[in-house]
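Trainee: Input work24.csv, format and content: CSV, C-alpha atoms.
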chain,number,residue,atom,x,y,z
A,1,MET,CA,9.9,-20.6,-18.5
A,2,PHE,CA,11.5,-23.2,-16.3
A,3,SER,CA,10.5,-26.4,-14.6
A,4,VAL,CA,10.6,-26.6,-10.8
A,5,ALA,CA,13.7,-28.8,-11.0
A,6,GLU,CA,15.5,-26.5,-13.4
A,7,LEU,CA,14.8,-23.4,-11.3
A,8,ALA,CA,15.9,-25.2,-8.1
A,9,ARG,CA,19.2,-26.2,-9.8
A,10,LEU,CA,19.8,-22.6,-11.0
A,11,LEU,CA,19.2,-21.4,-7.4
A,12,GLN,CA,21.4,-24.2,-6.0
A,13,LEU,CA,18.5,-25.3,-3.8
A,14,SER,CA,16.7,-28.6,-3.2
A,15,TYR,CA,13.0,-29.1,-3.9
A,16,GLN,CA,10.1,-31.5,-3.2
A,17,GLY,CA,7.1,-32.5,-5.2
A,18,GLU,CA,6.5,-32.2,-8.9
A,19,GLY,CA,9.9,-31.3,-10.4
A,20,THR,CA,8.6,-31.3,-14.0
A,21,ARG,CA,5.9,-28.7,-13.4
A,22,VAL,CA,6.5,-25.7,-15.7
A,23,LEU,CA,6.6,-22.2,-14.2
A,24,THR,CA,6.1,-19.1,-16.3
A,25,ARG,CA,5.2,-16.3,-13.9
A,26,VAL,CA,5.5,-15.0,-10.4
A,27,SER,CA,2.4,-14.2,-8.3
A,28,ASN,CA,1.0,-13.5,-4.9
A,29,TRP,CA,-0.6,-16.3,-2.9
A,30,GLU,CA,-4.2,-15.3,-3.7
A,31,GLU,CA,-3.8,-15.0,-7.5
A,32,ALA,CA,-1.5,-18.0,-8.2
A,33,ASP,CA,-2.3,-20.6,-10.8
A,34,ALA,CA,-0.6,-23.8,-12.0
A,35,SER,CA,2.2,-21.9,-13.7
A,36,SER,CA,2.9,-19.5,-10.8
A,37,LEU,CA,5.9,-19.3,-8.4
A,38,ILE,CA,5.0,-17.8,-5.0
A,39,PHE,CA,6.9,-17.5,-1.7
A,40,LEU,CA,6.2,-17.9,2.0
A,41,ASP,CA,8.5,-16.7,4.7
A,42,ARG,CA,8.4,-16.5,8.5
A,43,LYS,CA,6.6,-13.1,8.3
A,44,SER,CA,3.8,-14.5,6.2
A,45,PRO,CA,0.5,-15.8,7.6
A,46,ALA,CA,0.6,-19.3,9.0
A,47,ALA,CA,0.8,-21.9,6.2
A,48,THR,CA,-2.2,-24.2,5.7
A,49,ALA,CA,-2.6,-27.5,4.0
A,50,THR,CA,-4.2,-25.7,1.0
A,51,LEU,CA,-1.4,-24.6,-1.3
A,52,PRO,CA,-2.4,-22.7,-4.4
A,53,ALA,CA,-1.5,-24.4,-7.6
A,54,GLY,CA,2.1,-23.9,-8.7
A,55,CYS,CA,5.2,-23.9,-6.7
A,56,VAL,CA,6.2,-22.2,-3.4
A,57,ILE,CA,9.7,-21.1,-2.2
A,58,ALA,CA,9.7,-21.5,1.5
A,59,GLN,CA,11.7,-22.6,4.5
A,60,PRO,CA,11.9,-26.4,5.0
A,61,ASN,CA,10.4,-26.2,8.5
A,62,ILE,CA,7.1,-24.7,7.2
A,63,VAL,CA,6.7,-26.8,4.0
A,64,ILE,CA,3.9,-29.3,4.3
A,65,SER,CA,4.0,-32.8,2.8
A,66,GLY,CA,2.4,-32.9,-0.7
A,67,TRP,CA,3.4,-29.3,-1.6
A,68,THR,CA,5.6,-28.7,-4.7
A,69,ALA,CA,8.2,-26.5,-3.1
A,70,ILE,CA,11.7,-25.1,-3.5
A,71,LEU,CA,13.4,-25.2,-0.1
A,72,SER,CA,15.2,-22.0,1.0
A,73,GLN,CA,16.5,-20.5,4.2
A,74,ASN,CA,15.9,-17.0,2.7
A,75,PRO,CA,12.7,-17.4,0.7
A,76,LYS,CA,12.2,-13.7,-0.2
A,77,LEU,CA,15.7,-13.4,-1.6
A,78,ASP,CA,15.6,-16.6,-3.5
A,79,PHE,CA,12.1,-15.7,-4.8
A,80,ALA,CA,13.6,-12.4,-6.2
A,81,ARG,CA,16.5,-14.3,-7.8
A,82,ALA,CA,14.0,-16.8,-9.4
A,83,ALA,CA,11.8,-13.9,-10.6
A,84,ASN,CA,14.8,-12.5,-12.5
A,85,ARG,CA,15.1,-15.8,-14.3
A,86,LEU,CA,11.4,-16.1,-15.1
A,87,LEU,CA,11.1,-12.4,-16.0
A,88,PRO,CA,14.4,-11.5,-17.6
A,89,ARG,CA,15.4,-7.9,-18.3
A,90,THR,CA,13.9,-6.6,-21.6
A,91,ARG,CA,16.4,-5.8,-24.4
A,92,GLY,CA,16.0,-3.7,-27.5
A,93,THR,CA,15.5,-5.3,-30.9
A,94,GLY,CA,16.2,-2.4,-33.2
A,95,VAL,CA,12.7,-0.9,-33.5
A,96,HIS,CA,12.8,2.9,-34.3
A,97,HIS,CA,9.6,5.0,-34.2
A,98,THR,CA,9.3,7.2,-37.3
A,99,SER,CA,9.2,10.4,-35.1
A,100,ALA,CA,12.5,9.6,-33.3
A,101,ALA,CA,15.3,12.0,-34.2
A,102,VAL,CA,18.9,10.9,-34.3
A,103,GLU,CA,21.3,13.7,-35.3
A,104,ALA,CA,24.2,13.2,-37.6
A,105,GLY,CA,27.2,12.3,-35.5
A,106,ALA,CA,25.3,10.3,-32.9
A,107,THR,CA,26.2,6.6,-32.6
A,108,LEU,CA,23.6,3.9,-32.1
A,109,GLU,CA,24.9,0.3,-31.5
A,110,PRO,CA,22.8,-2.6,-32.9
A,111,GLU,CA,19.4,-3.5,-31.4
A,112,VAL,CA,18.5,-0.1,-29.9
A,113,ASP,CA,14.8,0.7,-29.6
A,114,LEU,CA,13.7,4.3,-30.0
A,115,GLY,CA,10.2,5.4,-29.0
A,116,ALA,CA,8.1,8.2,-30.3
A,117,GLY,CA,9.7,11.6,-30.0
A,118,VAL,CA,13.1,10.4,-28.8
A,119,VAL,CA,16.0,12.8,-29.5
A,120,VAL,CA,19.6,11.6,-29.6
A,121,SER,CA,22.0,14.5,-30.2
A,122,ALA,CA,25.2,14.6,-32.1
A,123,GLY,CA,28.1,13.2,-30.2
A,124,ALA,CA,26.0,10.9,-28.1
A,125,ARG,CA,26.5,7.1,-28.0
A,126,VAL,CA,23.8,4.6,-27.2
A,127,GLY,CA,25.0,1.0,-26.4
A,128,ARG,CA,23.7,-2.3,-27.7
A,129,GLY,CA,20.2,-3.4,-26.7
A,130,CYS,CA,19.2,-0.1,-25.1
A,131,ILE,CA,15.5,0.9,-25.0
A,132,LEU,CA,14.7,4.6,-25.1
A,133,HIS,CA,10.9,5.1,-24.5
A,134,ALA,CA,8.8,8.0,-25.8
A,135,GLY,CA,10.1,11.5,-25.3
A,136,VAL,CA,13.6,10.6,-24.0
A,137,VAL,CA,16.3,13.2,-24.7
A,138,VAL,CA,19.9,12.1,-24.9
A,139,SER,CA,22.1,15.2,-25.2
A,140,GLY,CA,25.4,15.6,-26.9
A,141,GLY,CA,28.4,13.8,-25.4
A,142,CYS,CA,26.3,11.4,-23.4
A,143,VAL,CA,27.3,7.7,-23.3
A,144,LEU,CA,25.0,4.8,-22.5
A,145,GLY,CA,26.4,1.3,-22.0
A,146,ASP,CA,24.6,-1.8,-23.1
A,147,ASP,CA,21.1,-2.8,-22.2
A,148,CYS,CA,20.0,0.5,-20.5
A,149,ILE,CA,16.3,1.3,-20.2
A,150,LEU,CA,15.2,4.9,-20.2
A,151,HIS,CA,11.5,5.3,-19.5
A,152,PRO,CA,9.3,8.1,-21.0
A,153,HIS,CA,10.6,11.7,-20.8
A,154,VAL,CA,13.9,11.0,-19.1
A,155,VAL,CA,16.4,13.8,-19.9
A,156,LEU,CA,20.1,13.3,-20.0
A,157,TYR,CA,22.0,16.6,-20.0
A,158,PRO,CA,25.2,16.9,-22.1
A,159,GLY,CA,28.0,14.6,-21.1
A,160,ALA,CA,26.1,12.3,-18.8
A,161,GLN,CA,27.7,8.8,-18.6
A,162,LEU,CA,25.7,5.7,-17.9
A,163,GLY,CA,27.1,2.2,-17.5
A,164,ASN,CA,25.5,-1.1,-18.5
A,165,ARG,CA,22.0,-2.2,-17.5
A,166,VAL,CA,21.1,1.2,-16.0
A,167,THR,CA,17.3,1.7,-15.6
A,168,VAL,CA,16.0,5.3,-15.3
A,169,HIS,CA,12.3,5.7,-14.7
A,170,ALA,CA,9.9,8.3,-16.2
A,171,GLY,CA,10.6,11.9,-15.7
A,172,ALA,CA,14.1,11.6,-14.2
A,173,VAL,CA,16.7,14.3,-15.1
A,174,ILE,CA,20.4,13.5,-15.0
A,175,GLY,CA,23.1,16.1,-15.3
A,176,GLY,CA,21.3,19.3,-14.7
A,177,ASP,CA,23.1,22.2,-13.1
A,178,GLY,CA,23.8,22.1,-9.4
A,179,PHE,CA,22.5,24.7,-7.0
A,180,GLY,CA,25.6,26.8,-6.5
A,181,TYR,CA,25.7,30.6,-6.1
A,182,VAL,CA,27.9,33.2,-4.4
A,183,PHE,CA,26.5,36.4,-3.0
A,184,ASP,CA,28.3,39.6,-3.9
A,185,GLY,CA,26.4,41.8,-1.6
A,186,ARG,CA,23.7,42.6,-4.1
A,187,GLN,CA,22.9,39.5,-6.1
A,188,GLN,CA,23.6,35.8,-6.4
A,189,VAL,CA,26.4,35.0,-8.8
A,190,LYS,CA,26.2,31.6,-10.3
A,191,PHE,CA,29.2,29.3,-9.5
A,192,PRO,CA,30.4,27.2,-12.5
A,193,GLN,CA,28.5,23.9,-13.0
A,194,ALA,CA,30.9,22.5,-15.5
A,195,GLY,CA,31.6,19.0,-14.1
A,196,GLY,CA,30.2,15.6,-15.0
A,197,VAL,CA,27.9,12.9,-13.8
A,198,VAL,CA,28.6,9.2,-13.9
A,199,ILE,CA,26.0,6.4,-13.3
A,200,GLU,CA,27.7,3.0,-13.0
A,201,ASP,CA,26.5,-0.5,-13.9
A,202,ASP,CA,23.2,-1.9,-12.6
A,203,VAL,CA,21.9,1.4,-11.1
A,204,GLU,CA,18.2,2.0,-10.9
A,205,ILE,CA,16.8,5.5,-10.6
A,206,GLY,CA,13.2,6.2,-9.8
A,207,CYS,CA,10.6,8.5,-11.4
A,208,ASN,CA,11.2,12.3,-11.3
A,209,THR,CA,14.5,11.9,-9.4
A,210,THR,CA,17.1,14.6,-10.3
A,211,ILE,CA,20.9,14.0,-10.2
A,212,ASP,CA,22.9,17.2,-10.7
A,213,ARG,CA,26.3,17.3,-12.5
A,214,GLY,CA,29.4,18.2,-10.6
A,215,SER,CA,30.3,21.8,-10.2
A,216,LEU,CA,34.0,21.3,-11.1
A,217,GLY,CA,34.3,17.6,-10.4
A,218,THR,CA,32.0,14.6,-10.9
A,219,THR,CA,28.8,13.4,-9.3
A,220,ARG,CA,29.0,9.6,-9.1
A,221,ILE,CA,26.4,6.9,-8.4
A,222,SER,CA,28.3,3.7,-8.0
A,223,ALA,CA,27.4,0.2,-9.2
A,224,GLY,CA,24.2,-1.4,-8.0
A,225,ALA,CA,22.8,1.6,-6.1
A,226,LYS,CA,19.0,1.8,-6.1
A,227,ILE,CA,17.4,5.3,-5.9
A,228,ASP,CA,13.7,5.7,-5.3
A,229,ASN,CA,11.3,8.3,-6.8
A,230,LEU,CA,11.5,12.0,-6.1
A,231,VAL,CA,15.1,12.0,-4.8
A,232,GLN,CA,17.3,15.1,-5.2
A,233,ILE,CA,21.1,14.5,-5.5
A,234,GLY,CA,23.2,17.6,-5.5
A,235,HIS,CA,26.4,18.4,-7.3
A,236,ASN,CA,29.6,16.5,-6.5
A,237,VAL,CA,27.7,13.9,-4.4
A,238,GLN,CA,29.3,10.5,-4.2
A,239,ILE,CA,27.0,7.5,-3.7
A,240,GLY,CA,28.6,4.1,-3.0
A,241,ARG,CA,28.0,0.6,-4.2
A,242,ALA,CA,24.6,-1.0,-3.5
A,243,VAL,CA,23.3,2.0,-1.5
A,244,VAL,CA,19.5,2.2,-1.2
A,245,ILE,CA,17.9,5.6,-1.0
A,246,ALA,CA,14.1,5.9,-0.4
A,247,ALA,CA,11.7,8.5,-1.8
A,248,GLN,CA,11.9,12.3,-1.2
A,249,THR,CA,15.4,12.3,0.2
A,250,GLY,CA,17.4,15.4,-0.5
A,251,ILE,CA,21.2,15.3,-0.6
A,252,SER,CA,23.2,18.5,-0.6
A,253,GLY,CA,26.3,19.1,-2.6
A,254,SER,CA,29.6,17.2,-1.9
A,255,THR,CA,28.0,14.7,0.5
A,256,VAL,CA,29.5,11.2,0.5
A,257,ILE,CA,27.4,8.1,1.2
A,258,GLU,CA,29.6,5.0,1.3
A,259,ASP,CA,28.9,1.5,0.2
A,260,PHE,CA,25.9,-0.5,1.4
A,261,ALA,CA,24.3,2.4,3.4
A,262,VAL,CA,20.5,2.4,3.6
A,263,ILE,CA,18.7,5.8,3.6
A,264,GLY,CA,15.0,6.1,4.5
A,265,GLY,CA,12.5,8.4,2.9
A,266,GLN,CA,12.5,12.1,3.4
A,267,VAL,CA,16.0,12.2,4.9
A,268,GLY,CA,17.7,15.6,4.5
A,269,PHE,CA,21.4,16.0,4.2
A,270,GLY,CA,23.4,19.2,4.6
A,271,ASP,CA,26.4,19.8,2.4
A,272,HIS,CA,29.7,17.9,2.9
A,273,ALA,CA,28.1,15.3,5.2
A,274,ARG,CA,29.5,11.7,5.2
A,275,VAL,CA,27.7,8.5,5.8
A,276,GLU,CA,30.1,5.6,6.4
A,277,SER,CA,29.6,2.1,5.0
A,278,GLY,CA,26.7,0.1,6.2
A,279,ALA,CA,25.0,2.9,8.2
A,280,ILE,CA,21.2,2.9,8.2
A,281,ILE,CA,19.3,6.2,8.5
A,282,GLY,CA,15.6,6.2,9.3
A,283,SER,CA,12.9,8.2,7.6
A,284,LYS,CA,12.7,12.0,8.1
A,285,ALA,CA,16.1,12.2,9.8
A,286,GLY,CA,18.2,15.3,9.4
A,287,VAL,CA,22.0,15.2,8.8
A,288,LEU,CA,23.7,18.4,9.5
A,289,PRO,CA,26.3,19.9,7.2
A,290,GLY,CA,29.7,18.2,7.7
A,291,LYS,CA,28.3,15.6,10.0
A,292,ILE,CA,30.0,12.1,9.9
A,293,VAL,CA,27.5,9.3,10.4
A,294,ARG,CA,29.5,6.3,11.6
A,295,GLY,CA,29.0,2.9,9.9
A,296,GLY,CA,27.4,-0.2,11.1
A,297,GLU,CA,24.7,1.4,13.2
A,298,VAL,CA,21.0,2.6,12.9
A,299,TYR,CA,20.3,6.4,13.2
A,300,TRP,CA,17.2,8.4,13.5
A,301,GLY,CA,15.9,11.9,14.4
A,302,VAL,CA,16.7,15.6,13.8
A,303,PRO,CA,19.6,16.1,14.1
A,304,VAL,CA,20.4,12.5,13.4
A,305,ARG,CA,21.6,10.4,16.3
A,306,PRO,CA,22.1,6.7,17.1
A,307,LEU,CA,18.7,5.0,17.4
A,308,ARG,CA,19.3,4.0,21.0
A,309,GLU,CA,19.8,7.7,21.9
A,310,TYR,CA,16.8,8.7,19.8
A,311,LYS,CA,14.5,6.3,21.7
A,312,LYS,CA,15.6,7.6,25.0
A,313,LEU,CA,15.0,11.2,24.0
A,314,ASN,CA,11.7,10.3,22.4
A,315,ALA,CA,10.5,8.6,25.6
A,316,LEU,CA,11.4,11.8,27.5
A,317,PHE,CA,9.6,13.9,25.0
A,318,GLY,CA,6.4,12.0,25.6
A,319,ARG,CA,6.7,12.8,29.4
A,320,LEU,CA,7.2,16.5,28.9
A,321,PRO,CA,3.7,17.6,30.0
A,322,GLU,CA,4.1,15.5,33.2
A,323,MET,CA,7.6,16.8,33.8
A,324,LYS,CA,6.3,20.4,33.3
A,325,GLU,CA,3.7,19.9,36.0
A,326,GLN,CA,6.3,18.5,38.3
A,327,ILE,CA,8.6,21.4,37.7
A,328,GLU,CA,5.8,23.9,38.3
A,329,ARG,CA,4.9,22.2,41.6
A,330,LEU,CA,8.5,22.3,42.7
A,331,GLN,CA,8.8,25.9,41.8
A,332,GLU,CA,5.7,26.7,43.8
A,333,GLN,CA,7.2,24.7,46.8
A,334,VAL,CA,10.5,26.6,46.6
A,335,ARG,CA,8.6,29.9,46.4
A,336,ARG,CA,6.7,29.1,49.6
A,337,LEU,CA,9.8,28.0,51.4
A,338,GLU,CA,11.6,31.2,50.5
A,339,GLU,CA,8.6,33.2,51.8
A,340,GLU,CA,8.6,31.3,55.0
A,341,MET,CA,12.4,31.8,55.4
A,342,LYS,CA,11.9,35.5,54.9
A,343,ARG,CA,9.1,35.7,57.5
A,344,GLY,CA,11.2,33.7,60.0
A,345,SER,CA,14.2,36.0,59.4
A,346,GLY,CA,12.0,39.1,60.0
A,347,ASN,CA,10.6,37.6,63.3
A,348,ARG,CA,14.1,37.1,64.7
A,349,GLU,CA,15.0,40.7,64.0
Output the file's structure as structure tokens, nothing else.

Mentor:
Amino acid sequence: MFSVAELARLLQLSYQGEGTRVLTRVSNWEEADASSLIFLDRKSPAATATLPAGCVIAQPNIVISGWTAILSQNPKLDFARAANRLLPRTRGTGVHHTSAAVEAGATLEPEVDLGAGVVVSAGARVGRGCILHAGVVVSGGCVLGDDCILHPHVVLYPGAQLGNRVTVHAGAVIGGDGFGYVFDGRQQVKFPQAGGVVIEDDVEIGCNTTIDRGSLGTTRISAGAKIDNLVQIGHNVQIGRAVVIAAQTGISGSTVIEDFAVIGGQVGFGDHARVESGAIIGSKAGVLPGKIVRGGEVYWGVPVRPLREYKKLNALFGRLPEMKEQIERLQEQVRRLEEEMKRGSGNRE
């Protein structure tokens, strides 16, 4: 819990109103109480003189006299930062369920929580303060940094490496074999999937997402990347820092997505594609194998193309029925002209 004045100071922002008011929770506008922090930005409904009890983070130009408010030019961002103060990351305290199995040769640092049915295999290391919820499997040779949270039924295949403060949500699988085969004319021969997978600090991975190990090299998810539910990341893929990937995206092997890129939901990547830093790819786009998506621009469509081009093509697509009718009329006019020319030529003969 923090007072309004303390929270404003931590955020390096000014405030107005009751600085001693104590805040213990974050809330939406409708369910706020006297201990709630809420936010209002330019996209929110017009502010009224009736402010719910508690404190609002808002832009100075929409704050009304009499409100208790923290003044911010970016309310949503500062609200998120404040929420991380009011709701700090949970850390383990050393509680082990009786059904958890830790094999000889595994290393648990202090304050690790183990839920029901957790398995930590020989040769694995789990860092200080980690929380492993029910049914988590940490295979041999895995390394977890400090303060990681693995939700129920997460599976780490042998040798997976996680940094500090990694969060993996329920059902995710990290380090499974990549999909690599070579056809010999009669059958598919499995290509070696003998590489590794590295998840760096502060990465968050959604429910039922799968991240394959490298075939011969390493699959890497760089620091601060955020990956949604139901994302498939193939072998040898490289994901840059602070990349955001929305649900149901599929990324084929050896694709590189550079720092700060944003990938919409259901985007499909062919193998060996590259997305340069800062590019934004809209939902359901398709990136062909080997395609380079240039940085600093928004892309959409199948195959993916700059948004300005996609909009032009989409507008033309909407006119296709009308254009078809026009073409058919022109074809009919041409046919008639040709017949008339033939008749005129015959008469002159």

Trainee: Using only C-alpha atoms, which residue out of A:Tyr299, A:Tyr157, A:Phe2, A:Phe260 lies closest to Asn84 of chain A?

Mentor: A:Phe2

Trainee: How many Å lie between atom CA of Thr219 of chain A and atom CA of Leu144 of chain A, rounded to one decimal?

Mentor: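 Going from atom CA of Thr219 of chain A over to atom CA of Leu144 of chain A covers 16.2 Å.
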
Trainee: Would you kindly return, as a PyMOL selection string, each protein, DNA or RNA residue with an atom no farther than 12 Å from any atom of segment 51-66 of chain A, considering only C-alpha atoms and excluding same-chain residues fewer than 6 positions away?

Mentor: chain A and resi 2-5+7-8+11+13-45+72-83

Trainee: Output the selection as a short mmCIF file (atom, residue, chain, number, x, y, z; two decimals), keeping the file's coordinate frame - C-alpha atoms for each residue.

Mentor:
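Below is the file that was written, selection_13.cif:
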data_model
loop_
_atom_site.label_atom_id
_atom_site.label_comp_id
_atom_site.auth_asym_id
_atom_site.auth_seq_id
_atom_site.Cartn_x
_atom_site.Cartn_y
_atom_site.Cartn_z
CA PHE A 2 11.50 -23.20 -16.30
CA SER A 3 10.50 -26.40 -14.60
CA VAL A 4 10.60 -26.60 -10.80
CA ALA A 5 13.70 -28.80 -11.00
CA LEU A 7 14.80 -23.40 -11.30
CA ALA A 8 15.90 -25.20 -8.10
CA LEU A 11 19.20 -21.40 -7.40
CA LEU A 13 18.50 -25.30 -3.80
CA SER A 14 16.70 -28.60 -3.20
CA TYR A 15 13.00 -29.10 -3.90
CA GLN A 16 10.10 -31.50 -3.20
CA GLY A 17 7.10 -32.50 -5.20
CA GLU A 18 6.50 -32.20 -8.90
CA GLY A 19 9.90 -31.30 -10.40
CA THR A 20 8.60 -31.30 -14.00
CA ARG A 21 5.90 -28.70 -13.40
CA VAL A 22 6.50 -25.70 -15.70
CA LEU A 23 6.60 -22.20 -14.20
CA THR A 24 6.10 -19.10 -16.30
CA ARG A 25 5.20 -16.30 -13.90
CA VAL A 26 5.50 -15.00 -10.40
CA SER A 27 2.40 -14.20 -8.30
CA ASN A 28 1.00 -13.50 -4.90
CA TRP A 29 -0.60 -16.30 -2.90
CA GLU A 30 -4.20 -15.30 -3.70
CA GLU A 31 -3.80 -15.00 -7.50
CA ALA A 32 -1.50 -18.00 -8.20
CA ASP A 33 -2.30 -20.60 -10.80
CA ALA A 34 -0.60 -23.80 -12.00
CA SER A 35 2.20 -21.90 -13.70
CA SER A 36 2.90 -19.50 -10.80
CA LEU A 37 5.90 -19.30 -8.40
CA ILE A 38 5.00 -17.80 -5.00
CA PHE A 39 6.90 -17.50 -1.70
CA LEU A 40 6.20 -17.90 2.00
CA ASP A 41 8.50 -16.70 4.70
CA ARG A 42 8.40 -16.50 8.50
CA LYS A 43 6.60 -13.10 8.30
CA SER A 44 3.80 -14.50 6.20
CA PRO A 45 0.50 -15.80 7.60
CA SER A 72 15.20 -22.00 1.00
CA GLN A 73 16.50 -20.50 4.20
CA ASN A 74 15.90 -17.00 2.70
CA PRO A 75 12.70 -17.40 0.70
CA LYS A 76 12.20 -13.70 -0.20
CA LEU A 77 15.70 -13.40 -1.60
CA ASP A 78 15.60 -16.60 -3.50
CA PHE A 79 12.10 -15.70 -4.80
CA ALA A 80 13.60 -12.40 -6.20
CA ARG A 81 16.50 -14.30 -7.80
CA ALA A 82 14.00 -16.80 -9.40
CA ALA A 83 11.80 -13.90 -10.60
#

Trainee: Rounded to one decimal in Å, what is the spacing between atom CA of Gly127 of chain A and atom CA of Thr107 of chain A?

Mentor: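 Going from atom CA of Gly127 of chain A over to atom CA of Thr107 of chain A, I get 8.4 Å.
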
Trainee: Pick the closest to Thr210 of chain A from A:Ala100, A:Val138, A:Leu71, A:Ile233: which is it, counting only C-alpha atoms?

Mentor: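 Using only C-alpha atoms, Thr210 of chain A sits closest to A:Ile233.
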
Trainee: Up to 12 Å from (24.4, 14.2, -8.9) in the file's coordinates: name the residues, counting all atoms listed in the file, as number ranges by chain.

Mentor: A: 156-157, 160-161, 172-179, 193, 195-199, 205, 209-215, 217-222, 227, 231-239, 250-256

Trainee: Do you have the atom CA of Glu103 of chain A-atom CA of Gly163 of chain A distance handy?

Mentor: 22.0 Å

Trainee: With distances taken over all atoms listed in the file, which of A:Gly140, A:Gly268, A:Gly135, A:Pro88 is nearest to Gly105 of chain A?

Mentor: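 Of the candidates, the smallest distance to Gly105 of chain A is held by A:Gly140.
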
Trainee: Need the shell around Gly286 of chain A: protein/DNA/RNA residues with any atom at most 8 Å away, counting only C-alpha atoms. Skip same-chain ones fewer than 6 positions apart. Format as a list in words?

Mentor: Val267, Gly268, Phe269, Gly301, Val302, Pro303 and Val304 of chain A

Trainee: Which residue out of A:Val189, A:Met341, A:Ile292, A:Ala225 has the minimum interatomic distance to Ile263 of chain A when only C-alpha atoms are used?

Mentor: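 So, comparing all the options, the nearest one is A:Ala225.
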
Trainee: Which polymer residues have any atom within 12 Å of an atom of Tyr310 of chain A, counting all atoms listed in the file, with same-chain residues fewer than 3 positions away left out, as a PyMOL selection string?

Mentor: chain A and resi 281-282+285+298-307+313-317

Trainee: Please identify all polymer residues within 7 Å of His96 of chain A, counting all atoms listed in the file, omitting same-chain residues fewer than 2 positions from it, and present them as a list in words.

Mentor: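 Answer for this query is Gly94, Thr98, Ala100, Asp113, Leu114 and Gly115 of chain A.
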
Trainee: Considering all atoms listed in the file, can you say which of A:Thr249, A:Gln266, A:Gln12, A:Ser139 comes closest to Ala101 of chain A?

Mentor: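 That would be A:Ser139, the residue with the smallest distance to Ala101 of chain A.
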